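Asker: One structure coming up, written as structure tokens, with questions to follow.
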Amino acid sequence: MSLLIFVTLMNISAKHDYILKVSIIILILFNIFSNKSYAQLQKSSVVYATVNEGRLEGKIQNDVFVFKGVPYAAPPIGPLRWKAPQPLTKWSGVRKAIEFSARPVQKSGILYEFRSENMSEDCLYLNIWSTAKPNEKPHPVYVFIHGGSFIHGDGSQPAYDGESMAKKGIVYISINYRLGVFGFLAHPDLAKENQFGASGNYGLLDQVAALKWIRENIAAFGGDPNRITIGGESVGAQSVSAHMASPLSKGLFSAAIAQSSSLLDSRRLIKSKESSEKMGIDFVALTKSESIAEMRAIDEKRLLKIASKGDPRRFKPTVDGYFLPKFPTEVFEAGEQIKVPLLVGWNADEVPSLAFYRLKRATPENFYKRVRKIYGEDAAEVLKYYPVTTKEQAKIAGAKLGSDWLINFGTWRLAELHAKSNAPVYRYLFDQPHPGLTARTINDGNFFQVLLKKMINKAITGSAFHAAEIEYALGNLDVQRNYAWKQEDYKVSQQMQAYFSNFIHNNNPNLGSKEINLINWPKQKAGVKQEYLRIGLPSKVEVELDTTRNRYLLLQRIKFAE
């Protein structure tokens with residue numbers, strides 16, 4: 001209690017009514033707890049926060065304040081389908097924030113584990129974990145953007161849980177955003193509905209709306225609005241690179257983490273406005289609709305079913321002239337990106353050979369066919385960098401080229417160009433062999449599910465595959481119980497989480513936690529052989545090989561068709 005409050009109480013003489021003193025105390029406490037801060041109710045599992053739109057009720061779980069299903073924009077339903085996210089309306093009373101919201105509309109298989117109960121277009125919600133106490137120095141904020149090819153995923157997945165990061169003194173947030181046809185359909189008639197002449201990118205605009213809401217309200221949860229790090233894995237990392245290139249995201253974050261991807265790899269991950277709108281016209285015709293109004297009247301499940309036919313990944317981010325004035329690579333090449341500290345990297349075994357060959361056998365003949373299909377007239381040059389004469393070489397080259405083509409090059413390019421801007425860049429390679437699924441997880445399901453999981457387990461065990469690092473980085477091994485973690489996995493997780501936590505706190509992975517000994521992680525420097533941190537047991541600093549760099553420079557020269 002401040003000195004002013006103490007003096008005020010003491011100046012009330014004894015002859016005044018005792019009730020007056022009690023009333024003043026109650027009033028003071030009410031003002032303290034209502035002024036955009038939250039208060040733990042002693043000996044209770046309930047916690048409250050007051051945001052711009054009203055009062056929220058969350059829970060205290062394992063000494064962490066948790067608010068789930070917090071809305072950050074109006075439900076994008078009915079006439080708001082395929083419109084930029086709209087502001088929330090205020091609510092009266094206390095809104096419960098104790099359960100995960102519905103996840104975005106999607107078609108997900110057994111590989112996705114959700115803690116959300118339902119699925120709906122009404123999906124613009126976020127989840128907050130915090131250990132910050134009132135009157136404590138504000139904690140840095142980490143906003144995690146989930147992956148899933150822009151067609152899967154949500155913030156409730158166990159791998160994205162925020163309790164462990166909150167216990168590192170970080171206000172951790174996972175967000176939902178519109179996916180697939182709901183989040184990325186572009187069409188000229190949609191572009192006519194707004195003054196910017198833009199359509200598509202609704203999922204990315206959702207993320208902007210979430211960041212704006214967080215910046216305005218995060219102090220209510222003990223967070224520092226001036227220290228917001230955005231991060232994500234796979235298309236979450238692509239989203240991060242998009243925000244770094246977008247004028248709409250300027251001022252909304254102060255640092256970035258990109259795990260395994262970016263939009264700087266080629267035009268296969270991002271479309272021109274013309275290409276996206278043409279695809280949108282074709283899709284509207286597929287639904288047999290005569291207008292956007294008819295499209296908005298289609299039931300969400302039916303629309304998802306139609307969109308799932310053919311290539312469900314055809315709905316991609318667009319150079320719409322609004323969120324993205326030009327291709328992100330062009331933005332970074334011109335040095336026009338948002339210049340914030342960046343932690344970036346990828347995994348040692350991103351894409352298995354099986355995926356590159358699309359379940360066909362790894363043979364020299366099949367390797368040549370895939371290279372010719374992917375690279376066309378550039379195939380002969382590509383084959384010089386990935387020589388194959390035997391089946392074993394075909395297996396290794398398939399995994400190497402698949403990883404370079406789909407993940408590694410784009411992530412490398414993001415680090416390379418951002419380092420040229422003199423912004424701090426810390427690059428890693430995650431190389432911890434995965435322990436695979438538990439026997440219980442494998443045997444849970446029908447015959448075909450068990451068979452599929454056995455195949456998956458064979459492919460992932462012993463490798464550092466795509467998305468394998470997430471639980472390690474966020475300290476969530478114990479949350480994700482489907483994997484047979486070993487003691488060495490916990491050691492790597494402790495180390496990796498410390499680096500990530502340090503970066504979120506200090507924009508430098510080397511400054512902060514002294515719980516364990518961390519080797520110094522050097523910054524990436526422009527124009528020299530790149531040093532990076534190989535994360536595993538033991539972690540060590542390595543220098544990029546000329547053969548690796550030459551492969552990426554080759555892919556940089558090749559222009560993909562959209």
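The chains in the structure tokens are called A, B, ... from first to last as shown; in each chain the residues are counted from 1, and the ligands are counted from 1 in the order shown.
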Residues of segment 57-82 of chain A that approach segment 175-193 of chain A to 10 Å or less, counting only C-alpha atoms: could you list each one with the shortest pair of atoms and its distance in Å to one decimal, rows by chain and increasing residue number, as a Markdown table?
Answerer:
| residue | atom | partner | partner_atom | distance |
| --- | --- | --- | --- | --- |
| A:Gly69 | CA | A:Ile175 | CA | 9.2 |
| A:Val70 | CA | A:Ile175 | CA | 9.4 |
| A:Pro71 | CA | A:Asn176 | CA | 9.9 |
| A:Tyr72 | CA | A:Ile175 | CA | 9.4 |
| A:Pro76 | CA | A:Arg178 | CA | 8.8 |
| A:Ile77 | CA | A:Phe182 | CA | 9.9 |
| A:Arg81 | CA | A:Phe182 | CA | 7.2 |
| A:Trp82 | CA | A:Phe182 | CA | 6.6 |
Asker: Write the residues of the preceding selection, restricted to N, CA and C atoms, as a PDB file, in the first residue's frame.
Answerer:
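selection-v1.pdb, freshly written:
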ATOM      1  N   GLY A  69      -9.336 -19.034 -24.636  1.00  0.00           N
ATOM      2  CA  GLY A  69     -10.479 -18.614 -25.427  1.00  0.00           C
ATOM      3  C   GLY A  69     -10.820 -17.150 -25.271  1.00  0.00           C
ATOM      4  N   VAL A  70      -9.812 -16.302 -25.263  1.00  0.00           N
ATOM      5  CA  VAL A  70     -10.025 -14.858 -25.140  1.00  0.00           C
ATOM      6  C   VAL A  70     -10.251 -14.282 -26.541  1.00  0.00           C
ATOM      7  N   PRO A  71     -11.380 -13.624 -26.797  1.00  0.00           N
ATOM      8  CA  PRO A  71     -11.634 -13.087 -28.142  1.00  0.00           C
ATOM      9  C   PRO A  71     -10.774 -11.860 -28.425  1.00  0.00           C
ATOM     10  N   TYR A  72     -10.284 -11.760 -29.666  1.00  0.00           N
ATOM     11  CA  TYR A  72      -9.519 -10.573 -30.048  1.00  0.00           C
ATOM     12  C   TYR A  72     -10.136  -9.834 -31.230  1.00  0.00           C
ATOM     13  N   PRO A  76     -15.881 -13.880 -37.450  1.00  0.00           N
ATOM     14  CA  PRO A  76     -15.911 -13.636 -38.901  1.00  0.00           C
ATOM     15  C   PRO A  76     -16.939 -14.533 -39.601  1.00  0.00           C
ATOM     16  N   ILE A  77     -18.182 -14.386 -39.240  1.00  0.00           N
ATOM     17  CA  ILE A  77     -19.241 -15.253 -39.744  1.00  0.00           C
ATOM     18  C   ILE A  77     -20.275 -14.429 -40.517  1.00  0.00           C
ATOM     19  N   ARG A  81     -17.643 -13.103 -43.310  1.00  0.00           N
ATOM     20  CA  ARG A  81     -16.780 -14.104 -43.955  1.00  0.00           C
ATOM     21  C   ARG A  81     -16.020 -13.417 -45.087  1.00  0.00           C
ATOM     22  N   TRP A  82     -14.725 -13.648 -45.166  1.00  0.00           N
ATOM     23  CA  TRP A  82     -13.844 -13.047 -46.180  1.00  0.00           C
ATOM     24  C   TRP A  82     -13.795 -11.521 -46.084  1.00  0.00           C
TER      25      TRP A  82
END
Asker: I'd like the neighbourhood of Ile374 of chain A as number ranges by chain, where a residue qualifies if any of its atoms comes within 12 Å (using only C-alpha atoms), though same-chain residues fewer than 2 positions away should be ignored.
Answerer: A: 268, 356-357, 367-372, 376-380, 382-383, 401-402, 405-406, 555, 558-562
Asker: So how many Å separate atom CA of Gly169 of chain A and atom CA of Thr131 of chain A, to one decimal?
Answerer: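 One can read the atom CA of Gly169 of chain A to atom CA of Thr131 of chain A distance as 6.6 Å.
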Asker: Just the residues within 12 Å of Leu126 of chain A, please, counting only C-alpha atoms, with nothing from its chain fewer than 2 positions along; format it as a PyMOL selection string.
Answerer: chain A and resi 66-73+97-104+116+123-124+128-129+143-146+154-156+160-162+172-177+206-207+209-211+213-214+218
Asker: At a cut-off of 8 Å, can you tabulate as a Markdown table every residue of segment 139-219 of chain A near segment 481-502 of chain A together with its closest atom pair and the distance in Å to one decimal, using only C-alpha atoms and ordering rows by chain then number?
Answerer:
| residue | atom | partner | partner_atom | distance |
| --- | --- | --- | --- | --- |
| A:Met165 | CA | A:Ser501 | CA | 7.4 |
| A:Lys168 | CA | A:Ser501 | CA | 6.8 |
| A:Ile170 | CA | A:Ser501 | CA | 7.7 |
Asker: Among segment 502-557 of chain A, which residues carry a DSSP assignment of strand (DSSP E), reported as a PDB file with C-alpha atoms, in the first residue's frame?
Answerer:
ATOM      1  CA  GLU A 531      28.494 -19.681 -37.981  1.00  0.00           C
ATOM      2  CA  TYR A 532      25.476 -21.352 -36.429  1.00  0.00           C
ATOM      3  CA  LEU A 533      24.599 -23.375 -33.348  1.00  0.00           C
ATOM      4  CA  ARG A 534      23.965 -27.092 -33.802  1.00  0.00           C
ATOM      5  CA  ILE A 535      21.529 -27.972 -31.011  1.00  0.00           C
ATOM      6  CA  LYS A 540      28.330 -26.862 -30.657  1.00  0.00           C
ATOM      7  CA  VAL A 541      29.119 -23.966 -32.949  1.00  0.00           C
ATOM      8  CA  GLU A 542      29.785 -24.944 -36.559  1.00  0.00           C
ATOM      9  CA  VAL A 543      30.688 -23.158 -39.793  1.00  0.00           C
TER      10      VAL A 543
END
Asker: So that I can see what lies close to Ile407 of chain A, please list as a PyMOL selection string the residues with an atom at most 12 Å from it, counting only C-alpha atoms and leaving out residues fewer than 5 positions away in the same chain.
Answerer: chain A and resi 233-235+237-238+258-266+268-269+345-352+399-402+412-414+465-467+552+555
Asker: May I have the residues from that selection written out with N, CA and C atoms, as a short mmCIF file (atom, residue, chain, number, x, y, z; two decimals), in the first residue's frame?
Answerer:
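Final output, result20.cif:
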data_model
loop_
_atom_site.label_atom_id
_atom_site.label_comp_id
_atom_site.auth_asym_id
_atom_site.auth_seq_id
_atom_site.Cartn_x
_atom_site.Cartn_y
_atom_site.Cartn_z
N GLU A 233 6.36 -21.83 -36.13
CA GLU A 233 7.04 -22.94 -36.79
C GLU A 233 6.31 -23.27 -38.08
N SER A 234 7.05 -23.63 -39.13
CA SER A 234 6.50 -23.97 -40.43
C SER A 234 5.74 -22.77 -41.00
N VAL A 235 4.42 -22.88 -41.27
CA VAL A 235 3.72 -21.70 -41.77
C VAL A 235 3.59 -20.63 -40.68
N ALA A 237 6.27 -19.78 -39.07
CA ALA A 237 7.48 -19.05 -39.43
C ALA A 237 7.29 -18.27 -40.73
N GLN A 238 6.54 -18.84 -41.66
CA GLN A 238 6.19 -18.09 -42.87
C GLN A 238 5.41 -16.83 -42.50
N ALA A 258 11.79 -17.59 -36.04
CA ALA A 258 11.26 -18.34 -37.18
C ALA A 258 11.86 -19.73 -37.20
N GLN A 259 11.01 -20.73 -37.02
CA GLN A 259 11.44 -22.12 -36.98
C GLN A 259 10.99 -22.85 -38.24
N SER A 260 11.95 -23.20 -39.09
CA SER A 260 11.73 -24.10 -40.21
C SER A 260 10.76 -23.58 -41.26
N SER A 261 11.10 -22.45 -41.88
CA SER A 261 10.42 -21.98 -43.08
C SER A 261 10.40 -20.46 -43.12
N SER A 262 10.05 -19.94 -44.28
CA SER A 262 9.78 -18.52 -44.48
C SER A 262 9.12 -18.39 -45.84
N LEU A 263 8.62 -17.20 -46.13
CA LEU A 263 8.04 -16.95 -47.45
C LEU A 263 9.08 -16.44 -48.44
N LEU A 264 10.36 -16.58 -48.11
CA LEU A 264 11.41 -16.07 -48.97
C LEU A 264 12.02 -17.16 -49.85
N ASP A 265 11.36 -18.31 -49.97
CA ASP A 265 12.02 -19.39 -50.69
C ASP A 265 11.74 -19.35 -52.18
N SER A 266 10.53 -19.16 -52.58
CA SER A 266 10.18 -19.14 -54.00
C SER A 266 8.71 -18.76 -54.09
N ARG A 268 6.36 -20.56 -54.95
CA ARG A 268 5.42 -21.67 -54.76
C ARG A 268 4.66 -21.54 -53.45
N LEU A 269 5.18 -20.74 -52.50
CA LEU A 269 4.53 -20.58 -51.20
C LEU A 269 3.66 -19.33 -51.13
N GLY A 345 16.10 -20.87 -37.59
CA GLY A 345 16.80 -22.12 -37.87
C GLY A 345 15.89 -23.20 -38.39
N TRP A 346 16.46 -24.37 -38.58
CA TRP A 346 15.70 -25.51 -39.09
C TRP A 346 16.27 -26.79 -38.52
N ASN A 347 15.68 -27.91 -38.91
CA ASN A 347 16.04 -29.21 -38.35
C ASN A 347 16.89 -30.01 -39.33
N ALA A 348 17.64 -30.94 -38.80
CA ALA A 348 18.60 -31.69 -39.62
C ALA A 348 17.94 -32.61 -40.62
N ASP A 349 16.73 -33.08 -40.33
CA ASP A 349 16.05 -34.06 -41.20
C ASP A 349 14.63 -33.60 -41.48
N GLU A 350 14.47 -32.43 -42.06
CA GLU A 350 13.14 -31.83 -42.21
C GLU A 350 12.17 -32.72 -42.99
N VAL A 351 12.60 -33.21 -44.13
CA VAL A 351 11.69 -33.97 -45.01
C VAL A 351 12.26 -35.37 -45.24
N PRO A 352 11.55 -36.41 -44.86
CA PRO A 352 12.07 -37.76 -45.09
C PRO A 352 12.05 -38.13 -46.57
N ALA A 399 16.05 -37.16 -49.41
CA ALA A 399 15.81 -36.46 -48.15
C ALA A 399 16.48 -35.09 -48.15
N LYS A 400 17.71 -35.02 -48.69
CA LYS A 400 18.46 -33.76 -48.69
C LYS A 400 17.79 -32.73 -49.60
N LEU A 401 17.46 -33.12 -50.82
CA LEU A 401 16.84 -32.19 -51.75
C LEU A 401 15.43 -31.82 -51.29
N GLY A 402 14.69 -32.80 -50.78
CA GLY A 402 13.35 -32.51 -50.28
C GLY A 402 13.38 -31.49 -49.16
N TRP A 412 17.11 -20.40 -44.67
CA TRP A 412 18.46 -19.88 -44.88
C TRP A 412 18.43 -18.50 -45.51
N ARG A 413 17.55 -18.29 -46.49
CA ARG A 413 17.45 -17.01 -47.18
C ARG A 413 16.98 -15.91 -46.24
N LEU A 414 16.06 -16.24 -45.36
CA LEU A 414 15.58 -15.28 -44.37
C LEU A 414 16.74 -14.81 -43.48
N PHE A 465 13.09 -34.53 -37.46
CA PHE A 465 12.15 -34.27 -38.55
C PHE A 465 11.47 -32.91 -38.38
N HIS A 466 10.69 -32.53 -39.38
CA HIS A 466 9.97 -31.26 -39.37
C HIS A 466 9.04 -31.17 -38.17
N ALA A 467 9.16 -30.10 -37.41
CA ALA A 467 8.35 -29.80 -36.22
C ALA A 467 8.80 -30.57 -34.98
N TYR A 552 22.32 -23.94 -51.65
CA TYR A 552 21.33 -22.88 -51.43
C TYR A 552 21.47 -21.78 -52.48
N LEU A 555 19.66 -22.94 -55.55
CA LEU A 555 18.21 -22.80 -55.44
C LEU A 555 17.79 -21.33 -55.51
#
